[in-house]
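Structure below is query.txt: compact mmCIF, C-alpha atoms.
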```txt
# COMPACT_ATOMS: atom_id res chain seq x y z
CA MET A 1 109.44 134.86 105.27
CA ALA A 2 106.81 137.50 105.97
CA ASP A 3 107.52 139.81 103.02
CA SER A 4 108.71 138.33 99.72
CA ASN A 5 108.91 141.72 98.02
CA ARG A 6 111.34 142.97 100.68
CA ALA A 7 113.50 139.88 100.22
CA ILE A 8 113.57 140.38 96.45
CA LYS A 9 114.68 144.01 96.88
CA ALA A 10 117.45 142.87 99.24
CA LEU A 11 118.71 140.23 96.80
CA LYS A 12 118.76 142.76 93.94
CA LYS A 13 121.04 145.00 96.01
CA LEU A 14 123.72 142.32 96.37
CA ASP A 15 126.95 142.81 94.43
CA PHE A 16 127.09 139.11 93.62
CA LEU A 17 124.64 136.24 94.08
CA VAL A 18 125.41 132.54 93.70
CA VAL A 19 122.61 129.98 93.95
CA ILE A 20 123.20 126.24 94.43
CA ASP A 21 120.04 124.31 93.56
CA PRO A 22 118.83 121.36 91.47
CA PHE A 23 116.04 123.53 90.02
CA LEU A 24 115.87 126.83 88.19
CA ASN A 25 113.64 128.51 90.77
CA LYS A 26 112.86 132.22 91.18
CA THR A 27 115.90 132.88 93.35
CA ALA A 28 118.16 131.09 90.86
CA LYS A 29 116.83 133.28 88.05
CA MET A 30 118.15 136.31 89.96
CA ALA A 31 121.63 134.83 90.41
CA ASP A 32 124.86 135.89 88.72
CA ILE A 33 125.99 132.27 88.76
CA ILE A 34 123.96 129.08 89.19
CA LEU A 35 125.72 125.93 90.37
CA PRO A 36 123.54 122.88 89.62
CA ALA A 37 123.30 120.73 92.75
CA ALA A 38 122.87 116.98 92.77
CA THR A 39 119.68 115.53 94.19
CA SER A 40 119.65 113.18 97.17
CA PHE A 41 119.81 110.14 94.86
CA GLU A 42 123.02 111.39 93.23
CA LYS A 43 125.16 111.61 96.36
CA THR A 44 126.18 109.79 99.51
CA GLN A 45 125.14 111.59 102.66
CA LEU A 46 124.74 111.11 106.39
CA ASN A 47 121.30 111.10 107.98
CA ARG A 48 121.91 112.18 111.55
CA ALA A 49 119.95 111.37 114.66
CA SER A 50 117.02 113.71 115.27
CA ILE A 51 114.63 114.58 118.07
CA ARG A 52 112.40 111.71 117.00
CA THR A 53 115.07 109.02 116.74
CA ASN A 54 118.64 108.38 117.91
CA ILE A 55 119.52 106.35 114.82
CA ILE A 56 122.26 107.36 112.37
CA THR A 57 121.96 106.03 108.82
CA LEU A 58 123.97 106.35 105.63
CA GLN A 59 122.17 107.24 102.42
CA ASN A 60 124.18 105.79 99.55
CA GLN A 61 124.41 107.31 96.09
CA VAL A 62 121.99 105.51 93.75
CA ILE A 63 122.74 107.04 90.34
CA GLU A 64 125.54 109.04 88.78
CA CYS A 65 125.21 112.82 88.85
CA VAL A 66 123.06 114.05 85.97
CA GLY A 67 124.54 116.59 83.55
CA ASN A 68 126.88 119.10 85.18
CA SER A 69 125.46 118.74 88.67
CA TRP A 70 127.74 118.19 91.67
CA PRO A 71 126.93 117.05 95.23
CA ASP A 72 126.90 119.99 97.64
CA TRP A 73 129.90 118.53 99.51
CA LYS A 74 131.97 118.59 96.31
CA ILE A 75 130.96 122.17 95.53
CA THR A 76 131.97 123.22 99.05
CA PHE A 77 135.30 121.36 99.03
CA GLU A 78 136.32 122.56 95.57
CA LEU A 79 135.45 126.18 96.37
CA ALA A 80 137.48 125.88 99.59
CA LYS A 81 140.53 124.71 97.63
CA LYS A 82 140.21 127.64 95.22
CA LEU A 83 140.12 129.96 98.25
CA GLY A 84 143.29 128.45 99.70
CA MET A 85 141.47 126.57 102.48
CA ASP A 86 142.85 123.10 101.71
CA LYS A 87 143.81 122.45 105.34
CA GLU A 88 140.31 123.24 106.58
CA PHE A 89 138.67 121.09 103.87
CA PRO A 90 141.18 118.30 103.10
CA TRP A 91 138.69 115.70 101.90
CA ASP A 92 138.18 114.53 98.31
CA ASN A 93 135.04 112.47 98.84
CA ALA A 94 131.97 112.28 101.02
CA GLU A 95 133.07 109.13 102.84
CA ASP A 96 136.26 110.68 104.22
CA ALA A 97 134.38 113.77 105.39
CA ILE A 98 131.68 111.66 107.06
CA ASN A 99 134.30 109.53 108.83
CA TYR A 100 135.91 112.70 110.18
CA GLN A 101 132.54 113.96 111.39
CA LEU A 102 131.71 110.65 113.10
CA GLU A 103 135.17 110.04 114.57
CA PRO A 104 134.23 110.98 118.19
CA SER A 105 131.40 108.42 118.12
CA GLY A 106 133.51 105.50 116.91
CA ILE A 107 131.08 104.94 114.02
CA THR A 108 132.42 104.75 110.46
CA VAL A 109 130.99 104.70 106.96
CA GLU A 110 131.99 101.02 106.74
CA LYS A 111 129.97 100.19 109.88
CA LEU A 112 126.98 102.13 108.58
CA ARG A 113 127.08 100.20 105.32
CA GLU A 114 127.18 96.96 107.31
CA ASN A 115 124.04 98.18 109.10
CA PRO A 116 121.78 99.64 106.38
CA LYS A 117 118.92 100.12 108.85
CA GLY A 118 121.14 102.43 110.87
CA ILE A 119 123.00 102.40 114.17
CA LEU A 120 121.35 103.37 117.44
CA ILE A 121 123.73 105.77 119.18
CA LYS A 122 121.74 106.14 122.41
CA GLN A 123 118.50 104.84 123.88
CA THR A 124 115.78 107.46 123.97
CA GLU A 125 115.33 108.80 127.49
CA TYR A 126 111.86 109.64 128.76
CA LYS A 127 110.75 111.82 131.68
CA LYS A 128 114.17 113.47 131.94
CA TYR A 129 112.49 116.35 133.74
CA LYS A 130 112.27 114.16 136.85
CA ILE A 131 116.06 114.28 137.08
CA ASN A 132 117.07 117.55 135.40
CA GLY A 133 113.88 119.58 135.65
CA PHE A 134 112.79 121.96 132.91
CA ALA A 135 114.79 124.75 131.24
CA THR A 136 113.28 127.47 133.41
CA LEU A 137 114.65 129.54 136.30
CA THR A 138 112.83 127.33 138.80
CA GLY A 139 113.36 124.05 136.94
CA LYS A 140 109.59 123.58 136.95
CA VAL A 141 106.76 124.21 134.50
CA GLU A 142 106.10 127.91 134.98
CA ILE A 143 102.59 129.26 134.55
CA TYR A 144 103.97 132.45 136.08
CA SER A 145 107.25 133.17 134.25
CA LYS A 146 109.89 134.81 136.39
CA LYS A 147 112.08 135.39 133.34
CA LEU A 148 109.38 137.34 131.50
CA GLU A 149 108.75 139.32 134.65
CA GLN A 150 112.46 140.21 134.89
CA HIS A 151 112.28 141.66 131.39
CA LYS A 152 109.19 143.74 132.24
CA TYR A 153 106.71 141.60 130.30
CA SER A 154 103.52 140.04 131.60
CA PRO A 155 104.58 136.88 133.48
CA VAL A 156 101.23 135.19 132.84
CA PRO A 157 100.07 134.43 129.26
CA SER A 158 96.61 135.63 128.27
CA PHE A 159 94.48 135.45 125.16
CA GLY A 160 92.46 138.65 125.18
CA GLU A 161 91.05 140.12 121.98
CA TYR A 162 92.81 140.32 118.61
CA GLY A 163 93.61 143.97 119.17
CA GLU A 164 95.56 143.10 122.29
CA ASN A 165 97.36 140.28 120.58
CA PHE A 166 99.53 139.74 117.61
CA ILE A 167 97.73 140.11 114.27
CA SER A 168 98.63 142.24 111.27
CA PHE A 169 96.49 145.13 110.06
CA TYR A 170 94.06 144.90 112.98
CA ASN A 171 93.77 148.70 112.97
CA LYS A 172 92.27 148.44 109.47
CA LYS A 173 89.68 145.78 110.28
CA HIS A 174 86.82 148.02 109.07
CA LYS A 175 88.13 147.59 105.50
CA PHE A 176 89.58 144.12 106.03
CA PRO A 177 87.07 142.34 108.31
CA LEU A 178 88.17 138.71 107.90
CA VAL A 179 90.94 136.96 109.81
CA GLY A 180 93.28 135.22 107.38
CA ILE A 181 95.45 132.29 108.47
CA ASN A 182 97.88 130.17 106.51
CA GLY A 183 96.63 126.70 105.68
CA ALA A 184 97.27 123.26 107.05
CA ARG A 185 100.31 121.31 105.87
CA SER A 186 99.69 119.17 102.81
CA SER A 187 100.65 115.49 102.80
CA ASN A 188 101.60 115.84 99.12
CA PHE A 189 104.39 118.37 99.65
CA THR A 190 107.04 119.52 102.12
CA HIS A 191 106.86 123.29 102.53
CA THR A 192 107.58 124.61 98.99
CA GLN A 193 109.22 121.39 97.81
CA PHE A 194 107.90 118.85 95.26
CA ARG A 195 105.29 121.15 93.71
CA ASN A 196 106.95 120.61 90.34
CA ILE A 197 106.26 116.85 90.36
CA PRO A 198 103.30 116.04 88.05
CA CYS A 199 102.08 112.91 89.89
CA LEU A 200 101.82 114.87 93.18
CA LEU A 201 100.05 117.78 91.49
CA LYS A 202 97.32 115.43 90.31
CA GLY A 203 96.03 115.17 93.89
CA GLU A 204 96.42 118.87 94.65
CA PRO A 205 96.91 120.84 91.42
CA GLU A 206 96.72 124.41 92.69
CA CYS A 207 96.38 126.80 95.59
CA PHE A 208 92.99 127.34 97.26
CA VAL A 209 91.36 129.23 100.10
CA ASP A 210 88.85 127.77 102.58
CA ILE A 211 85.92 130.05 103.38
CA HIS A 212 83.05 129.43 105.80
CA PRO A 213 79.60 128.86 104.18
CA TYR A 214 78.13 131.92 105.96
CA ASP A 215 80.83 134.27 104.68
CA ALA A 216 80.70 132.69 101.22
CA LYS A 217 76.95 133.26 100.99
CA ILE A 218 77.33 136.95 101.87
CA LYS A 219 80.04 137.36 99.21
CA GLY A 220 78.20 135.25 96.62
CA ILE A 221 81.11 132.81 96.39
CA LYS A 222 80.83 129.12 95.49
CA THR A 223 83.37 126.30 95.49
CA GLY A 224 85.55 126.60 92.40
CA ASP A 225 85.06 130.35 92.00
CA LYS A 226 88.20 132.39 91.48
CA VAL A 227 88.59 134.91 94.29
CA MET A 228 90.95 137.69 95.30
CA VAL A 229 92.24 137.85 98.87
CA ALA A 230 93.61 141.28 99.78
CA THR A 231 95.37 143.01 102.67
CA PRO A 232 96.87 146.51 102.86
CA LYS A 233 100.12 144.83 101.73
CA GLY A 234 98.91 143.22 98.50
CA PHE A 235 96.62 140.56 97.02
CA ILE A 236 96.61 137.02 95.67
CA ILE A 237 94.18 135.20 93.38
CA MET A 238 93.09 131.57 93.74
CA LYS A 239 90.09 129.25 93.82
CA ALA A 240 87.67 129.09 96.74
CA VAL A 241 86.59 125.99 98.65
CA ILE A 242 83.47 126.37 100.81
CA SER A 243 84.13 124.51 104.04
CA ASP A 244 83.37 124.55 107.75
CA VAL A 245 87.00 123.69 108.61
CA VAL A 246 87.30 127.41 109.37
CA TYR A 247 85.27 129.53 111.76
CA GLN A 248 82.85 132.12 110.51
CA GLY A 249 84.80 135.32 109.95
CA SER A 250 88.01 133.50 109.06
CA ILE A 251 89.59 132.17 105.88
CA ARG A 252 92.41 129.64 105.51
CA ILE A 253 94.86 129.92 102.63
CA ALA A 254 97.01 127.07 101.34
CA TRP A 255 100.69 128.00 101.47
CA GLY A 256 103.94 127.12 99.72
CA TRP A 257 102.64 127.84 96.21
CA GLY A 258 104.56 131.05 95.46
CA GLU A 259 107.15 129.27 93.34
CA VAL A 260 104.43 127.78 91.13
CA ASP A 261 102.59 131.07 90.55
CA SER A 262 103.21 134.49 92.08
CA ASP A 263 99.42 134.96 92.24
CA TYR A 264 99.44 132.24 94.92
CA SER A 265 102.21 133.64 97.13
CA LEU A 266 100.85 134.03 100.64
CA ASN A 267 103.83 136.24 101.46
CA ASN A 268 102.30 138.96 99.27
CA LEU A 269 99.74 139.44 102.04
CA THR A 270 101.79 139.30 105.21
CA ASP A 271 103.71 142.02 107.02
CA ASP A 272 107.12 141.79 108.69
CA LYS A 273 106.80 145.15 110.45
CA LYS A 274 104.15 144.00 112.92
CA ARG A 275 106.12 141.91 115.42
CA ASP A 276 105.43 140.19 118.69
CA LYS A 277 106.76 142.44 121.46
CA VAL A 278 108.32 139.53 123.38
CA THR A 279 109.84 137.33 120.67
CA GLY A 280 110.17 139.80 117.78
CA THR A 281 108.49 137.24 115.50
CA PRO A 282 106.75 138.75 112.43
CA SER A 283 103.09 138.04 111.85
CA SER A 284 103.35 135.54 109.02
CA ARG A 285 100.44 133.35 110.10
CA ASN A 286 97.53 135.68 110.78
CA PHE A 287 96.30 138.97 109.37
CA MET A 288 93.16 140.96 108.69
CA CYS A 289 92.03 140.64 105.07
CA ASN A 290 89.09 140.76 102.68
CA ILE A 291 87.90 138.38 99.99
CA GLU A 292 85.93 139.10 96.84
CA LYS A 293 84.84 137.14 93.80
CA PHE A 294 87.33 137.82 91.02
```
As structure tokens, what does this structure read like?
Amino acid sequence: MADSNRAIKALKKLDFLVVIDPFLNKTAKMADIILPAATSFEKTQLNRASIRTNIITLQNQVIECVGNSWPDWKITFELAKKLGMDKEFPWDNAEDAINYQLEPSGITVEKLRENPKGILIKQTEYKKYKINGFATLTGKVEIYSKKLEQHKYSPVPSFGEYGENFISFYNKKHKFPLVGINGARSSNFTHTQFRNIPCLLKGEPECFVDIHPYDAKIKGIKTGDKVMVATPKGFIIMKAVISDVVYQGSIRIAWGWGEVDSDYSLNNLTDDKKRDKVTGTPSSRNFMCNIEKF
């Protein structure tokens, strides 16, 4: 999401908003109705095969649902019945629904429970390109893209300068001379999840921004100082960490903290109007900015 403020305005315009979530987050606080969802330990669910593995496993319910929470499958099925969609959602429990979903494969919930480590549905195939080629017009790796050429774009990728590429607020670099990028993924959290768990916050208690020693010296910033990072879109406030993990002229901001504190929300800085001309992707990962001691 490249612009949280725009999303908030959109949600406020809705006639009716229902949020299904285990936690009372910022979106839930805007809802007309909140349906408390069960956590993964309070429900039985299917873990499907993914790109990394072709194993299907069953995750069994460990504890009873806490308070008034329901598993998401139960919320869906009960709402469907109220809407007169009994035929489309005829199941009364997760097991029956999972069996229906797995029916073409011949796998059942019973078989999955007999094999708690999972069932391999297909051996992973390697070097498939030797048989099927690649998903391009020629079936080969294309340095020169015929498809891009057909759509009147440059068929050969190039780096060029920032001004020629995709970066927000580049036309205002005289006031915002630093290149801001969103930070590396943290091993403590998954995106915005788990930042309300005290034991995980002990290792990484708050948001921070990495700044190169040269830039920090010019700005008079030291590790632990509170700083303000600003773009033409807005600003956020956090602590600085002096580090050479970033190049001179760049800063790196930890992300996923907006739910903890709005001062940390990286989406206050980014712009969804500046888009890549080929993909239409908004610039949520890089932008011109400035940093000052707060």
Distance of CA of Asn132 in chain A from CA of Ser50 in chain A, expressed in Å to one decimal place: 20.5 Å
Atomic separation - CA of Phe208 in chain A relative to CA of Ala240 in chain A, Å: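 These atoms are spaced 5.6 Å apart.
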Protein, DNA and RNA residues within 12 Å of (93.2, 140.5, 99.3), only C-alpha atoms, as a VMD selection string: chain A and resid 175 to 180 209 227 to 238 251 253 263 to 270 287 to 294
Just-selected residues, C-alpha atoms written as an mmCIF file, in the coordinates of the input:
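Final output, saved to out.cif:
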```
data_model
loop_
_atom_site.group_PDB
_atom_site.id
_atom_site.type_symbol
_atom_site.label_atom_id
_atom_site.label_comp_id
_atom_site.auth_asym_id
_atom_site.auth_seq_id
_atom_site.Cartn_x
_atom_site.Cartn_y
_atom_site.Cartn_z
ATOM 1 C CA LYS A 175 88.130 147.590 105.500
ATOM 2 C CA PHE A 176 89.580 144.120 106.030
ATOM 3 C CA PRO A 177 87.070 142.340 108.310
ATOM 4 C CA LEU A 178 88.170 138.710 107.900
ATOM 5 C CA VAL A 179 90.940 136.960 109.810
ATOM 6 C CA GLY A 180 93.280 135.220 107.380
ATOM 7 C CA VAL A 209 91.360 129.230 100.100
ATOM 8 C CA VAL A 227 88.590 134.910 94.290
ATOM 9 C CA MET A 228 90.950 137.690 95.300
ATOM 10 C CA VAL A 229 92.240 137.850 98.870
ATOM 11 C CA ALA A 230 93.610 141.280 99.780
ATOM 12 C CA THR A 231 95.370 143.010 102.670
ATOM 13 C CA PRO A 232 96.870 146.510 102.860
ATOM 14 C CA LYS A 233 100.120 144.830 101.730
ATOM 15 C CA GLY A 234 98.910 143.220 98.500
ATOM 16 C CA PHE A 235 96.620 140.560 97.020
ATOM 17 C CA ILE A 236 96.610 137.020 95.670
ATOM 18 C CA ILE A 237 94.180 135.200 93.380
ATOM 19 C CA MET A 238 93.090 131.570 93.740
ATOM 20 C CA ILE A 251 89.590 132.170 105.880
ATOM 21 C CA ILE A 253 94.860 129.920 102.630
ATOM 22 C CA ASP A 263 99.420 134.960 92.240
ATOM 23 C CA TYR A 264 99.440 132.240 94.920
ATOM 24 C CA SER A 265 102.210 133.640 97.130
ATOM 25 C CA LEU A 266 100.850 134.030 100.640
ATOM 26 C CA ASN A 267 103.830 136.240 101.460
ATOM 27 C CA ASN A 268 102.300 138.960 99.270
ATOM 28 C CA LEU A 269 99.740 139.440 102.040
ATOM 29 C CA THR A 270 101.790 139.300 105.210
ATOM 30 C CA PHE A 287 96.300 138.970 109.370
ATOM 31 C CA MET A 288 93.160 140.960 108.690
ATOM 32 C CA CYS A 289 92.030 140.640 105.070
ATOM 33 C CA ASN A 290 89.090 140.760 102.680
ATOM 34 C CA ILE A 291 87.900 138.380 99.990
ATOM 35 C CA GLU A 292 85.930 139.100 96.840
ATOM 36 C CA LYS A 293 84.840 137.140 93.800
ATOM 37 C CA PHE A 294 87.330 137.820 91.020
#
```
Enumerate, in order of chain and increasing residue number, the residues of range 18-79 of chain A with an atom no farther than 8 Å from range 90-109 of chain A, each with its shortest atom pair and distance in Å to one decimal, counting all atoms listed in the file, as JSON lines.
```
{"residue": "A:Thr44", "atom": "CA", "partner": "A:Ala94", "partner_atom": "CA", "distance": 6.5}
{"residue": "A:Gln45", "atom": "CA", "partner": "A:Ala94", "partner_atom": "CA", "distance": 7.1}
{"residue": "A:Leu46", "atom": "CA", "partner": "A:Ile98", "partner_atom": "CA", "distance": 7.0}
{"residue": "A:Leu58", "atom": "CA", "partner": "A:Val109", "partner_atom": "CA", "distance": 7.3}
{"residue": "A:Trp73", "atom": "CA", "partner": "A:Ala94", "partner_atom": "CA", "distance": 6.8}
{"residue": "A:Lys74", "atom": "CA", "partner": "A:Asn93", "partner_atom": "CA", "distance": 7.3}
{"residue": "A:Phe77", "atom": "CA", "partner": "A:Trp91", "partner_atom": "CA", "distance": 7.2}
```
Contact residues around Arg48 in chain A with all atoms listed in the file at 8 Å, ignoring same-chain residues under 3 positions, as a list in words: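 Once the nearby chain positions are removed, what remains is Ile55, Ile56 and Thr57 of chain A.
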Interatomic distance (Å, one decimal) between CA of Asn286 in chain A and CA of Ser168 in chain A: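 Those two atoms sit 6.7 Å apart.
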Top pick for closest residue to Ser145 in chain A, considering A:Ala38, A:Pro157, A:Val246, A:Ile221 and counting all atoms listed in the file: A:Pro157
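The environment of His151 in chain A within 12 Å, counting all atoms listed in the file and disregarding residues fewer than 6 places along the same chain, consists of Ser145, Lys277, Val278 and Thr279 of chain A.
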Expected answer as a PyMOL selection string: all residues with atoms within 10 Å of (121.2, 133.0, 94.4), only C-alpha atoms: chain A and resi 11+14+16-21+25-35
Could you take the residues named above and write them with C-alpha atoms, as a tab-separated table (two decimals), keeping the file's coordinate frame?
```tsv
chain	number	residue	atom	x	y	z
A	11	LEU	CA	118.71	140.23	96.80
A	14	LEU	CA	123.72	142.32	96.37
A	16	PHE	CA	127.09	139.11	93.62
A	17	LEU	CA	124.64	136.24	94.08
A	18	VAL	CA	125.41	132.54	93.70
A	19	VAL	CA	122.61	129.98	93.95
A	20	ILE	CA	123.20	126.24	94.43
A	21	ASP	CA	120.04	124.31	93.56
A	25	ASN	CA	113.64	128.51	90.77
A	26	LYS	CA	112.86	132.22	91.18
A	27	THR	CA	115.90	132.88	93.35
A	28	ALA	CA	118.16	131.09	90.86
A	29	LYS	CA	116.83	133.28	88.05
A	30	MET	CA	118.15	136.31	89.96
A	31	ALA	CA	121.63	134.83	90.41
A	32	ASP	CA	124.86	135.89	88.72
A	33	ILE	CA	125.99	132.27	88.76
A	34	ILE	CA	123.96	129.08	89.19
A	35	LEU	CA	125.72	125.93	90.37
```
Proximity to Asp261 in chain A - best of A:Leu201, A:Val156, A:Val141, A:Cys207, all atoms listed in the file: A:Cys207
Under the rule of at most 10 Å, produce a per-residue listing of range 237-276 of chain A near range 184-199 of chain A: chain, number, name, the closest pair of atoms, and the distance in Å, as JSON lines, using all atoms listed in the file.
```
{"residue": "A:Arg252", "atom": "CA", "partner": "A:Ala184", "partner_atom": "CA", "distance": 8.2}
{"residue": "A:Ile253", "atom": "CA", "partner": "A:Ala184", "partner_atom": "CA", "distance": 8.3}
{"residue": "A:Ala254", "atom": "CA", "partner": "A:Ala184", "partner_atom": "CA", "distance": 6.9}
{"residue": "A:Trp255", "atom": "CA", "partner": "A:His191", "partner_atom": "CA", "distance": 7.8}
{"residue": "A:Gly256", "atom": "CA", "partner": "A:Thr192", "partner_atom": "CA", "distance": 4.5}
{"residue": "A:Trp257", "atom": "CA", "partner": "A:Thr192", "partner_atom": "CA", "distance": 6.5}
{"residue": "A:Gly258", "atom": "CA", "partner": "A:Thr192", "partner_atom": "CA", "distance": 7.9}
{"residue": "A:Glu259", "atom": "CA", "partner": "A:Thr192", "partner_atom": "CA", "distance": 7.3}
{"residue": "A:Val260", "atom": "CA", "partner": "A:Arg195", "partner_atom": "CA", "distance": 7.2}
```
Distance criterion (all atoms listed in the file): nearest to Lys222 in chain A out of A:Val241, A:Lys130, A:Ser154, A:Glu204: A:Val241
Per-axis box centre and lengths in Å around range 69-79 of chain A, 5 Å margin per side, axis-aligned, as lines of an AutoDock Vina configuration file:
```
center_x = 130.9
center_y = 121.6
center_z = 94.1
size_x = 20.9
size_y = 19.1
size_z = 20.8
```
